[in-house]
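Q: To be precise about what I am sending: the file is called start14.cif and holds mmCIF, N, CA and C atoms.
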data_final
loop_
_atom_site.label_atom_id
_atom_site.label_comp_id
_atom_site.auth_asym_id
_atom_site.auth_seq_id
_atom_site.Cartn_x
_atom_site.Cartn_y
_atom_site.Cartn_z
N MET A 144 -37.25 29.42 -21.70
CA MET A 144 -36.75 28.08 -21.90
C MET A 144 -35.72 27.77 -20.81
N THR A 145 -35.82 26.59 -20.25
CA THR A 145 -34.93 26.20 -19.17
C THR A 145 -33.72 25.46 -19.73
N SER A 146 -32.57 25.70 -19.11
CA SER A 146 -31.35 24.99 -19.49
C SER A 146 -31.50 23.52 -19.13
N PRO A 147 -31.01 22.59 -19.96
CA PRO A 147 -31.09 21.17 -19.63
C PRO A 147 -30.17 20.79 -18.47
N LEU A 148 -29.24 21.68 -18.10
CA LEU A 148 -28.31 21.39 -17.02
C LEU A 148 -28.77 22.04 -15.72
N THR A 149 -29.90 21.59 -15.21
CA THR A 149 -30.40 22.08 -13.94
C THR A 149 -29.81 21.22 -12.82
N TRP A 150 -30.10 21.57 -11.58
CA TRP A 150 -29.47 20.89 -10.46
C TRP A 150 -29.58 19.36 -10.50
N PRO A 151 -30.71 18.75 -10.72
CA PRO A 151 -30.73 17.28 -10.68
C PRO A 151 -29.87 16.64 -11.78
N THR A 152 -29.69 17.29 -12.92
CA THR A 152 -28.92 16.68 -14.00
C THR A 152 -27.46 17.12 -14.02
N LEU A 153 -27.12 18.22 -13.39
CA LEU A 153 -25.74 18.71 -13.44
C LEU A 153 -24.72 17.75 -12.84
N PRO A 154 -24.93 17.20 -11.64
CA PRO A 154 -23.94 16.24 -11.11
C PRO A 154 -23.79 15.00 -12.00
N ILE A 155 -24.87 14.53 -12.58
CA ILE A 155 -24.79 13.37 -13.48
C ILE A 155 -23.97 13.72 -14.70
N PHE A 156 -24.18 14.91 -15.26
CA PHE A 156 -23.41 15.36 -16.42
C PHE A 156 -21.91 15.42 -16.09
N ILE A 157 -21.59 15.98 -14.94
CA ILE A 157 -20.19 16.11 -14.54
C ILE A 157 -19.55 14.73 -14.37
N ARG A 158 -20.24 13.80 -13.69
CA ARG A 158 -19.68 12.45 -13.50
C ARG A 158 -19.48 11.74 -14.83
N ARG A 159 -20.41 11.89 -15.73
CA ARG A 159 -20.27 11.20 -17.03
C ARG A 159 -19.11 11.74 -17.84
N TRP A 160 -18.89 13.04 -17.79
CA TRP A 160 -17.84 13.63 -18.61
C TRP A 160 -16.48 13.67 -17.92
N PHE A 161 -16.47 13.82 -16.62
CA PHE A 161 -15.21 14.04 -15.93
C PHE A 161 -14.88 12.97 -14.89
N GLY A 162 -15.71 11.96 -14.75
CA GLY A 162 -15.45 10.92 -13.76
C GLY A 162 -16.07 11.26 -12.42
N SER A 163 -15.79 10.43 -11.45
CA SER A 163 -16.37 10.57 -10.13
C SER A 163 -15.95 11.89 -9.47
N ILE A 164 -16.86 12.45 -8.71
CA ILE A 164 -16.55 13.66 -7.95
C ILE A 164 -16.01 13.19 -6.59
N ARG A 165 -14.72 13.36 -6.37
CA ARG A 165 -14.11 12.95 -5.10
C ARG A 165 -12.82 13.71 -4.91
N GLU A 166 -12.40 13.75 -3.67
CA GLU A 166 -11.12 14.35 -3.36
C GLU A 166 -10.01 13.42 -3.84
N ALA A 167 -8.87 13.97 -4.15
CA ALA A 167 -7.72 13.15 -4.52
C ALA A 167 -7.28 12.35 -3.30
N VAL A 168 -7.01 11.07 -3.49
CA VAL A 168 -6.55 10.21 -2.41
C VAL A 168 -5.04 10.16 -2.46
N MET A 169 -4.41 10.55 -1.38
CA MET A 169 -2.96 10.51 -1.31
C MET A 169 -2.57 9.30 -0.49
N VAL A 170 -1.61 8.55 -0.97
CA VAL A 170 -1.14 7.36 -0.28
C VAL A 170 0.37 7.40 -0.16
N TYR A 171 0.90 6.51 0.65
CA TYR A 171 2.34 6.33 0.79
C TYR A 171 2.66 4.97 0.19
N ALA A 172 3.59 4.92 -0.75
CA ALA A 172 3.91 3.66 -1.42
C ALA A 172 5.41 3.51 -1.59
N PHE A 173 5.86 2.25 -1.60
CA PHE A 173 7.28 1.99 -1.81
C PHE A 173 7.49 0.62 -2.42
N VAL A 174 8.69 0.44 -2.94
CA VAL A 174 9.17 -0.84 -3.45
C VAL A 174 10.44 -1.15 -2.68
N GLN A 175 10.60 -2.41 -2.28
CA GLN A 175 11.79 -2.81 -1.53
C GLN A 175 12.23 -4.19 -2.00
N ASP A 176 13.47 -4.28 -2.47
CA ASP A 176 14.05 -5.57 -2.84
C ASP A 176 14.73 -6.15 -1.61
N VAL A 177 14.36 -7.38 -1.27
CA VAL A 177 14.91 -8.02 -0.07
C VAL A 177 15.65 -9.30 -0.47
N PRO A 178 16.82 -9.52 0.16
CA PRO A 178 17.65 -10.66 -0.20
C PRO A 178 17.27 -11.93 0.56
N ILE A 179 15.99 -12.28 0.50
CA ILE A 179 15.52 -13.50 1.16
C ILE A 179 14.72 -14.32 0.16
N GLY A 180 14.52 -15.58 0.50
CA GLY A 180 13.72 -16.45 -0.34
C GLY A 180 12.31 -16.60 0.21
N GLU A 181 11.53 -17.39 -0.50
CA GLU A 181 10.13 -17.57 -0.13
C GLU A 181 9.96 -18.24 1.24
N GLU A 182 10.84 -19.18 1.57
CA GLU A 182 10.71 -19.89 2.85
C GLU A 182 10.85 -18.93 4.03
N LEU A 183 11.86 -18.07 4.00
CA LEU A 183 12.02 -17.10 5.09
C LEU A 183 10.88 -16.08 5.09
N TYR A 184 10.44 -15.68 3.91
CA TYR A 184 9.30 -14.76 3.82
C TYR A 184 8.08 -15.37 4.51
N ARG A 185 7.82 -16.65 4.26
CA ARG A 185 6.67 -17.33 4.89
C ARG A 185 6.83 -17.37 6.41
N ARG A 186 8.03 -17.58 6.90
CA ARG A 186 8.26 -17.57 8.35
C ARG A 186 7.96 -16.19 8.93
N ILE A 187 8.39 -15.15 8.21
CA ILE A 187 8.12 -13.78 8.69
C ILE A 187 6.61 -13.53 8.75
N THR A 188 5.90 -13.89 7.69
CA THR A 188 4.45 -13.61 7.67
C THR A 188 3.72 -14.42 8.73
N GLU A 189 4.22 -15.61 9.05
CA GLU A 189 3.60 -16.40 10.12
C GLU A 189 3.82 -15.76 11.48
N GLU A 190 4.91 -15.03 11.64
CA GLU A 190 5.22 -14.36 12.92
C GLU A 190 4.39 -13.10 13.13
N ILE A 191 3.87 -12.53 12.04
CA ILE A 191 3.05 -11.32 12.17
C ILE A 191 1.65 -11.75 12.58
N ASP A 192 1.12 -11.11 13.60
CA ASP A 192 -0.23 -11.38 14.06
C ASP A 192 -1.18 -11.36 12.87
N PRO A 193 -2.15 -12.29 12.80
CA PRO A 193 -3.04 -12.34 11.64
C PRO A 193 -3.97 -11.13 11.48
N GLU A 194 -4.08 -10.30 12.51
CA GLU A 194 -4.88 -9.08 12.37
C GLU A 194 -4.31 -8.23 11.24
N PRO A 195 -5.15 -7.62 10.42
CA PRO A 195 -4.64 -6.75 9.35
C PRO A 195 -3.80 -5.61 9.94
N LEU A 196 -2.78 -5.22 9.21
CA LEU A 196 -1.94 -4.10 9.63
C LEU A 196 -2.71 -2.81 9.38
N GLU A 197 -2.91 -2.05 10.42
CA GLU A 197 -3.67 -0.80 10.29
C GLU A 197 -2.98 0.13 9.32
N GLY A 198 -3.73 0.58 8.31
CA GLY A 198 -3.19 1.51 7.33
C GLY A 198 -2.63 0.85 6.08
N SER A 199 -2.48 -0.47 6.10
CA SER A 199 -1.97 -1.16 4.92
C SER A 199 -3.10 -1.37 3.92
N LEU A 200 -2.93 -0.82 2.72
CA LEU A 200 -3.92 -0.99 1.67
C LEU A 200 -3.58 -2.16 0.76
N LEU A 201 -2.28 -2.39 0.54
CA LEU A 201 -1.86 -3.46 -0.35
C LEU A 201 -0.42 -3.84 -0.06
N HIS A 202 -0.16 -5.14 0.01
CA HIS A 202 1.20 -5.65 0.11
C HIS A 202 1.33 -6.75 -0.93
N LEU A 203 2.23 -6.58 -1.88
CA LEU A 203 2.54 -7.61 -2.86
C LEU A 203 3.96 -8.07 -2.61
N CYS A 204 4.17 -9.36 -2.68
CA CYS A 204 5.51 -9.93 -2.61
C CYS A 204 5.69 -10.72 -3.90
N VAL A 205 6.66 -10.30 -4.72
CA VAL A 205 6.88 -10.94 -6.02
C VAL A 205 8.33 -11.43 -6.10
N ARG A 206 8.52 -12.50 -6.87
CA ARG A 206 9.85 -13.06 -7.05
C ARG A 206 10.59 -12.28 -8.14
N ARG A 207 11.83 -11.91 -7.83
CA ARG A 207 12.70 -11.24 -8.81
C ARG A 207 13.41 -12.29 -9.64
N PRO A 208 13.90 -11.92 -10.83
CA PRO A 208 14.62 -12.88 -11.67
C PRO A 208 15.85 -13.49 -11.00
N ASP A 209 16.48 -12.74 -10.06
CA ASP A 209 17.68 -13.26 -9.40
C ASP A 209 17.35 -14.17 -8.21
N GLY A 210 16.05 -14.40 -7.94
CA GLY A 210 15.65 -15.29 -6.86
C GLY A 210 15.26 -14.59 -5.59
N GLY A 211 15.65 -13.32 -5.43
CA GLY A 211 15.24 -12.55 -4.26
C GLY A 211 13.77 -12.16 -4.39
N LEU A 212 13.30 -11.42 -3.43
CA LEU A 212 11.90 -10.99 -3.42
C LEU A 212 11.81 -9.47 -3.49
N ARG A 213 10.70 -9.01 -3.99
CA ARG A 213 10.41 -7.57 -4.06
C ARG A 213 9.07 -7.33 -3.40
N TYR A 214 9.07 -6.37 -2.47
CA TYR A 214 7.81 -5.95 -1.84
C TYR A 214 7.32 -4.70 -2.54
N ILE A 215 6.04 -4.65 -2.77
CA ILE A 215 5.38 -3.45 -3.29
C ILE A 215 4.26 -3.15 -2.30
N ASP A 216 4.39 -2.04 -1.59
CA ASP A 216 3.46 -1.72 -0.52
C ASP A 216 2.77 -0.39 -0.77
N VAL A 217 1.49 -0.33 -0.40
CA VAL A 217 0.72 0.90 -0.46
C VAL A 217 0.02 1.06 0.89
N TRP A 218 0.24 2.21 1.51
CA TRP A 218 -0.28 2.51 2.85
C TRP A 218 -1.12 3.78 2.79
N THR A 219 -1.99 3.93 3.77
CA THR A 219 -2.80 5.15 3.84
C THR A 219 -1.91 6.37 4.03
N ASP A 220 -0.82 6.20 4.80
CA ASP A 220 0.12 7.30 5.01
C ASP A 220 1.41 6.76 5.60
N ARG A 221 2.44 7.57 5.59
CA ARG A 221 3.76 7.15 6.06
C ARG A 221 3.75 6.82 7.56
N GLU A 222 2.98 7.56 8.33
CA GLU A 222 2.92 7.34 9.78
C GLU A 222 2.38 5.95 10.10
N ALA A 223 1.33 5.52 9.40
CA ALA A 223 0.77 4.18 9.63
C ALA A 223 1.79 3.11 9.27
N CYS A 224 2.53 3.32 8.20
CA CYS A 224 3.56 2.38 7.77
C CYS A 224 4.66 2.29 8.84
N THR A 225 5.15 3.42 9.28
CA THR A 225 6.21 3.45 10.30
C THR A 225 5.76 2.76 11.58
N ARG A 226 4.54 3.03 12.00
CA ARG A 226 4.00 2.42 13.22
C ARG A 226 3.92 0.88 13.06
N ALA A 227 3.45 0.42 11.91
CA ALA A 227 3.34 -1.03 11.68
C ALA A 227 4.71 -1.70 11.68
N PHE A 228 5.70 -1.05 11.07
CA PHE A 228 7.05 -1.62 11.08
C PHE A 228 7.62 -1.66 12.49
N ASP A 229 7.45 -0.58 13.24
CA ASP A 229 7.99 -0.52 14.60
C ASP A 229 7.31 -1.51 15.54
N GLU A 230 5.98 -1.62 15.44
CA GLU A 230 5.22 -2.40 16.41
C GLU A 230 5.03 -3.86 16.02
N ARG A 231 4.98 -4.17 14.72
CA ARG A 231 4.64 -5.55 14.33
C ARG A 231 5.58 -6.19 13.34
N ILE A 232 6.01 -5.47 12.31
CA ILE A 232 6.79 -6.11 11.25
C ILE A 232 8.22 -6.39 11.70
N HIS A 233 8.94 -5.39 12.20
CA HIS A 233 10.32 -5.63 12.63
C HIS A 233 10.42 -6.66 13.75
N PRO A 234 9.55 -6.64 14.76
CA PRO A 234 9.62 -7.72 15.76
C PRO A 234 9.40 -9.11 15.14
N ALA A 235 8.50 -9.21 14.15
CA ALA A 235 8.27 -10.50 13.49
C ALA A 235 9.50 -10.92 12.69
N VAL A 236 10.15 -9.97 12.02
CA VAL A 236 11.38 -10.28 11.27
C VAL A 236 12.47 -10.75 12.23
N ASP A 237 12.60 -10.07 13.36
CA ASP A 237 13.59 -10.48 14.36
C ASP A 237 13.34 -11.92 14.81
N ARG A 238 12.09 -12.28 15.09
CA ARG A 238 11.78 -13.64 15.52
C ARG A 238 12.06 -14.65 14.41
N ALA A 239 11.70 -14.31 13.17
CA ALA A 239 11.91 -15.22 12.05
C ALA A 239 13.40 -15.47 11.80
N PHE A 240 14.23 -14.47 12.06
CA PHE A 240 15.67 -14.61 11.90
C PHE A 240 16.32 -15.20 13.15
N GLY A 241 15.53 -15.57 14.14
CA GLY A 241 16.09 -16.11 15.37
C GLY A 241 16.82 -15.07 16.19
N GLY A 242 16.43 -13.83 16.06
CA GLY A 242 17.05 -12.75 16.81
C GLY A 242 18.32 -12.20 16.18
N ALA A 243 18.70 -12.74 15.03
CA ALA A 243 19.96 -12.32 14.38
C ALA A 243 19.70 -11.65 13.04
N ARG A 244 18.71 -10.77 13.03
CA ARG A 244 18.39 -10.06 11.78
C ARG A 244 19.58 -9.22 11.35
N PRO A 245 19.86 -9.17 10.04
CA PRO A 245 20.96 -8.30 9.57
C PRO A 245 20.76 -6.87 10.05
N GLY A 246 21.86 -6.19 10.33
CA GLY A 246 21.79 -4.84 10.87
C GLY A 246 21.25 -3.79 9.91
N ALA A 247 21.57 -3.93 8.63
CA ALA A 247 21.13 -2.92 7.66
C ALA A 247 19.81 -3.31 7.01
N GLU A 248 18.90 -2.36 6.95
CA GLU A 248 17.62 -2.56 6.28
C GLU A 248 17.84 -2.44 4.78
N PRO A 249 17.24 -3.36 3.97
CA PRO A 249 17.36 -3.20 2.52
C PRO A 249 16.81 -1.85 2.08
N THR A 250 17.37 -1.32 1.00
CA THR A 250 16.97 0.00 0.49
C THR A 250 15.49 0.03 0.14
N VAL A 251 14.84 1.10 0.54
CA VAL A 251 13.43 1.33 0.23
C VAL A 251 13.37 2.42 -0.83
N ASP A 252 12.73 2.12 -1.94
CA ASP A 252 12.53 3.11 -3.00
C ASP A 252 11.12 3.65 -2.87
N HIS A 253 11.00 4.88 -2.40
CA HIS A 253 9.70 5.51 -2.24
C HIS A 253 9.15 5.88 -3.61
N LEU A 254 7.87 5.66 -3.79
CA LEU A 254 7.23 5.95 -5.07
C LEU A 254 6.55 7.30 -5.00
N ASP A 255 6.71 8.10 -6.04
CA ASP A 255 6.08 9.40 -6.13
C ASP A 255 4.71 9.20 -6.77
N VAL A 256 3.71 8.94 -5.94
CA VAL A 256 2.36 8.61 -6.42
C VAL A 256 1.68 9.88 -6.90
N ILE A 257 1.25 9.86 -8.16
CA ILE A 257 0.52 11.02 -8.70
C ILE A 257 -0.97 10.75 -8.79
N ASP A 258 -1.37 9.49 -8.72
CA ASP A 258 -2.79 9.15 -8.74
C ASP A 258 -2.95 7.78 -8.10
N ALA A 259 -4.03 7.59 -7.39
CA ALA A 259 -4.32 6.30 -6.77
C ALA A 259 -5.80 6.02 -6.92
N ARG A 260 -6.13 4.86 -7.49
CA ARG A 260 -7.52 4.47 -7.69
C ARG A 260 -7.65 3.00 -7.40
N GLY A 261 -8.84 2.58 -7.09
CA GLY A 261 -9.09 1.16 -6.92
C GLY A 261 -9.99 0.85 -5.74
N ALA A 262 -10.42 -0.39 -5.69
CA ALA A 262 -11.38 -0.82 -4.69
C ALA A 262 -10.81 -0.80 -3.27
N LEU A 263 -9.49 -0.85 -3.12
CA LEU A 263 -8.89 -0.87 -1.80
C LEU A 263 -8.80 0.50 -1.15
N LEU A 264 -9.01 1.54 -1.93
CA LEU A 264 -8.84 2.90 -1.41
C LEU A 264 -10.14 3.42 -0.81
N PRO A 265 -10.02 4.23 0.23
CA PRO A 265 -11.24 4.84 0.81
C PRO A 265 -11.89 5.79 -0.19
N LEU A 266 -13.19 5.90 -0.11
CA LEU A 266 -13.90 6.81 -1.02
C LEU A 266 -13.72 8.24 -0.63
#
Output the file's structure as structure tokens, nothing else.
A:
Amino acid sequence: MTSPLTWPTLPIFIRRWFGSIREAVMVYAFVQDVPIGEELYRRITEEIDPEPLEGSLLHLCVRRPDGGLRYIDVWTDREACTRAFDERIHPAVDRAFGGARPGAEPTVDHLDVIDARGALLPL
């Protein structure tokens, strides 16, 4: 008698019981509260080249109860994020502020990601 879990059915059994067979996806994510309003945020985004930022998986900008904004960002890795800030984001912020950007960067709270799923992530 043959076991019902032969090669053609074994991967299907595993996926049904344990989910997709894939490597864990590690991402770099952070939250940053910024003391600007929507108008300045729009000026900054207009200054950034419309090409997608390489390595950016998700950028959310939400309004905080105090009127400031909060960024929630997810990147493929920290290096891609650093490169995008150095090459495109900070220069755009400088231009939006008329060259007088505040000296101190708002605090970045790095997120300790234990799992990442969704349509934006590579398979």
Q: Please identify the helix (DSSP H, G or I) residues within segment 152-245 of chain A (assignment by DSSP from backbone atoms) and present them as a PyMOL selection string.
A: chain A and resi 153-161+181-190+221-239
Q: When you look at segment 173-175 of chain A with a cut-off of 6 Å (counting only C-alpha atoms), what residues show up, excluding the ones that are within fewer than 3 positions of it in the same chain? I need them as an MDAnalysis selection string.
A: chainID A and resid 213:216 251:254
Q: If we count all atoms listed in the file, what is near segment 236-239 of chain A at a cut-off of 8 Å, once residues fewer than 3 positions away on the same chain are taken out, given as number ranges by chain?
A: A: 183, 185-188, 190-191, 231-233, 242-245
Q: Which is closest to Gly198 of chain A among A:Ile179, A:Ala247, A:Ala227, A:Ala235, if we use all atoms listed in the file?
A: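 Closest to Gly198 of chain A, using all atoms listed in the file: A:Ala227.
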Q: I need the residue nearest Met169 of chain A from this list: A:Arg207, A:Arg226, A:His202, A:Arg221. Use only C-alpha atoms for the distance.
A: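 The shortest atom-to-atom distance to Met169 of chain A comes from A:Arg221.
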Q: Given only C-alpha atoms as the basis, pick out the residue of A:Leu203, A:Glu182, A:Ala223, A:Val217 nearest to Gly261 of chain A.
A: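 Between A:Leu203, A:Glu182, A:Ala223, A:Val217, the residue approaching Gly261 of chain A most closely is A:Val217.
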Q: Write out as a list of chain:residue names all residues of segment 153-266 of chain A that backbone DSSP assigns to strand (DSSP E).
A: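 Selecting the strand (DSSP E) positions of segment 153-266 of chain A gives A:Tyr171, A:Ala172, A:Phe173, A:Val174, A:Gln175, A:Asp176, A:Val177, A:Ser199, A:Leu200, A:Leu201, A:His202, A:Leu203, A:Cys204, A:Val205, A:Arg206, A:Leu212, A:Arg213, A:Tyr214, A:Ile215, A:Asp216, A:Val217, A:Trp218, A:Val251, A:Asp252, A:His253.
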Q: What is the distance between atom CA of Glu189 of chain A and atom CA of Phe228 of chain A, in Å to one decimal?
A: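 About the pair atom CA of Glu189 of chain A and atom CA of Phe228 of chain A: they are 15.2 Å apart.
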Q: Excluding same-chain residues fewer than 2 positions from Glu197 of chain A, what lies within 10 Å of it counting only C-alpha atoms, as a list in words?
A: Glu194, Pro195, Ser199, Leu200, Trp218, Thr219, Ala223, Cys224, Arg226 and Ala227 of chain A
Q: Which is closest to Tyr171 of chain A among A:Glu230, A:Glu248, A:Asp258, A:Asp220, if we use only N, CA and C atoms?
A: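 Of the candidates, the smallest distance to Tyr171 of chain A is held by A:Asp220.
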